[in-house]
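Written below as structure tokens is the structure these notes are about.
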Amino acid sequence: MIRTKICDMLEIDYPIIQAAMGPFDTKDLAVGVASAGGFGMVSHPVPQIEKGALSLVMGGEAQQRAINSVKEKMIRAVVEVGRKAKGNFGVNLRVAPEQPDVPFLLEALITEREKDPNLQKKLRMVVCSAGDPTQPHLKAIQEAGMLRFHTVPSVYHAKKAEKSGIDGLIVTGYEAGGHVAYEPLHTFVVVPEVVKEVNLPVIGGGGVCDGKGLVAMLAFGALGIYMGTRFIVTKECEFNNKVKDAIMNSSVKYQKEAATIVTQGVFGPLRHMKNRYSLKLYDLTQKMKDKEITVQDVWAYESEGMYRAKGPEGNIEDGAIWAGQVALRLHEQLTCKELIAMIMNEAEGIMKSFAKNYIQ
Ligand SMILES: Cc1cc2nc3c(=O)[nH]c(=O)nc-3n(C[C@H](O)[C@H](O)[C@H](O)COP(=O)(O)O)c2cc1C
């Protein structure tokens, strides 16, 4: 059986970590993954009030209401996952300057965890992303007894994060779904390079969906895999079936081309499935680069369509479907248990066949 140091650090059976997929809910998915022996992840929500994420940067009373809304949603999710999951899980915090909610979320998380021995056992890690790892308040994660990992897309960011005293790194390449780096560096290059340059446990992701990906990441020196898009297409994931079908059908629709594109997003470049919405966002991104419109115009359009696909409307042409390039390789919806078993069996089979066929 393949076990790595990350299994001991997170107290999980398999080196498979569900990626954060905020601002969308992933609590059912986190329960599914954690109960199947992987590591689940509660994502960072946006406020459930008018203007959503934008209200977090508006100042005044609206900002405070926004912070309270995020805090309430996140704590509710953490408590529910803690109650239902059979295994361990973590929480993602996007620590960008546009997220004044982070210190409040951290305080609430730590208080809730300290009250509840079950949460103390299961809530093992906070994965920070999208911002500066050296912010002093992030040290509270480790002081409270949790692991602090930071997500990075380059060696530069990895070294900066290492200096901040984190416990480990999540390294993802440009093929990943959701936000990606300004400088495109792919998983095949960035993961081994960070492993070489940094003396910390590394979990690798971006384009991983199966046992082949797990073996590749282990060969690069990573200790486990981080998967977002593949986990969307599972029975437990709360994203609606239209979104899951759009991802699975991409291999037919986009046989000879890429199924995803990168556009400007509120937090930088963003990878989506191609549809009417993302193609328009792509055009707006080009117009912004040519200075015909402002970044605020792009954000306004982005926010407008954010929930049309994943919400009750299920409008998969005019709404955002964030997903990675690996969408092209996904053909069936499995339970988390089936998926994890499939990945582990395939990875073990490959390793055995290497020993038999290639090593003299
Ligand atoms: C729908 C979606 C939402 C995402 N939201 C976040 C987020 O809130 N925070 C974050 O750190 N990464 C986010 N990501 C990136 C993932 O955590 C992860 O890096 C990526 O999914 C890995 O690549 P893959 O999709 O090829 O597996 C998101 C990805 C997707 C697909």
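If you're wondering about the labels, chains in the structure tokens are A, B, ... by order shown, residues count from 1 in each chain, ligands from 1 in order shown.
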- Message: At a cut-off of 7 Å and counting only C-alpha atoms and all ligand atoms, what residues surround ligand 1? Please answer as an NGL selection string.
- Response: :A and (19-24 or 43-44 or 92 or 94 or 128-130 or 151 or 172 or 175-179 or 205-209 or 226-230 or 321-326)
- Message: Report as an MDAnalysis selection string all protein, DNA and RNA residues lying within 10 Å of Ala258 in chain A, evaluated on only C-alpha atoms, omitting residues in the same chain fewer than 6 positions from it.
- Response: chainID A and resid 250:251 273:274 325:328
- Residue neighbourhood Gly87 in chain A, 7 Å, only C-alpha atoms, exclusion window fewer than 5 positions, as a list in words: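 Everything that qualifies: Ala34, Ser35, Gly37 and Lys122 of chain A.
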Keeping only C-alpha atoms, write the selected residues to a file as a PDB file, in the first residue's frame.
ATOM      1  CA  ALA A  34     -12.696  12.369   4.438  1.00  0.00           C
ATOM      2  CA  SER A  35     -14.964   9.350   4.980  1.00  0.00           C
ATOM      3  CA  GLY A  37      -9.762   7.813   3.678  1.00  0.00           C
ATOM      4  CA  LYS A 122     -10.478  16.016  12.754  1.00  0.00           C
TER       5      LYS A 122
END
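Comparing A:Gly40, A:Gly224, A:Pro45, A:Gly211 by their smallest distance to Leu105 in chain A, the closest is A:Pro45 (using only C-alpha atoms).
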- Point out the residue among A:Asp28, A:Glu61, A:Asp167, A:Glu11 with the least atom-to-atom distance to Phe231 in chain A, counting only C-alpha atoms.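 Of A:Asp28, A:Glu61, A:Asp167, A:Glu11, the one nearest Phe231 in chain A is A:Asp28, counting only C-alpha atoms.
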Can you write out as CSV which residues of range 149-182 of chain A fall within 9 Å of range 189-202 of chain A, alongside each residue's closest atom pair and its distance in Å to one decimal, counting only C-alpha atoms and ordering rows by chain and ascending residue number?
residue,atom,partner,partner_atom,distance
A:Pro153,CA,A:Val190,CA,7.1
A:Ser154,CA,A:Val190,CA,6.1
A:Val155,CA,A:Val194,CA,5.3
A:Tyr156,CA,A:Val194,CA,8.9
A:Ala158,CA,A:Val194,CA,6.7
A:Lys159,CA,A:Val198,CA,6.4
A:Glu162,CA,A:Val198,CA,7.2
A:Ile166,CA,A:Leu200,CA,8.5
A:Asp167,CA,A:Leu200,CA,6.9
A:Gly168,CA,A:Pro201,CA,4.9
A:Leu169,CA,A:Val202,CA,4.9
A:Ile170,CA,A:Val202,CA,5.8
A:Val171,CA,A:Val191,CA,6.0
A:Thr172,CA,A:Val191,CA,7.2
A:Gly173,CA,A:Val190,CA,6.4
Atoms kept (C-alpha atoms) for selection, written as a CSV table (one decimal), in the first residue's frame:
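For reference, again10.csv as written:
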chain,number,residue,atom,x,y,z
A,153,PRO,CA,2.4,28.4,-8.3
A,154,SER,CA,6.2,29.0,-8.5
A,155,VAL,CA,9.5,28.5,-6.8
A,156,TYR,CA,9.7,32.2,-5.9
A,158,ALA,CA,7.4,28.6,-2.4
A,159,LYS,CA,10.7,30.1,-1.0
A,162,GLU,CA,9.0,28.6,3.4
A,166,ILE,CA,4.7,27.1,7.3
A,167,ASP,CA,4.5,23.3,7.7
A,168,GLY,CA,4.1,22.4,4.0
A,169,LEU,CA,3.3,23.5,0.5
A,170,ILE,CA,0.5,22.8,-2.0
A,171,VAL,CA,2.1,23.3,-5.5
A,172,THR,CA,-0.3,23.6,-8.4
A,173,GLY,CA,0.5,24.2,-12.1
- Message: Could you tell me how far CA of Gln48 in chain A sits from CA of Tyr307 in chain A, in Å to one decimal place?
- Response: 11.9 Å
- Task: Extract, using only C-alpha atoms, all DNA, RNA and protein residues at most 8 Å from Val262 in chain A, discarding same-chain residues fewer than 3 positions from it, and format them as a PyMOL selection string.
- Result: chain A and resi 269-272+282
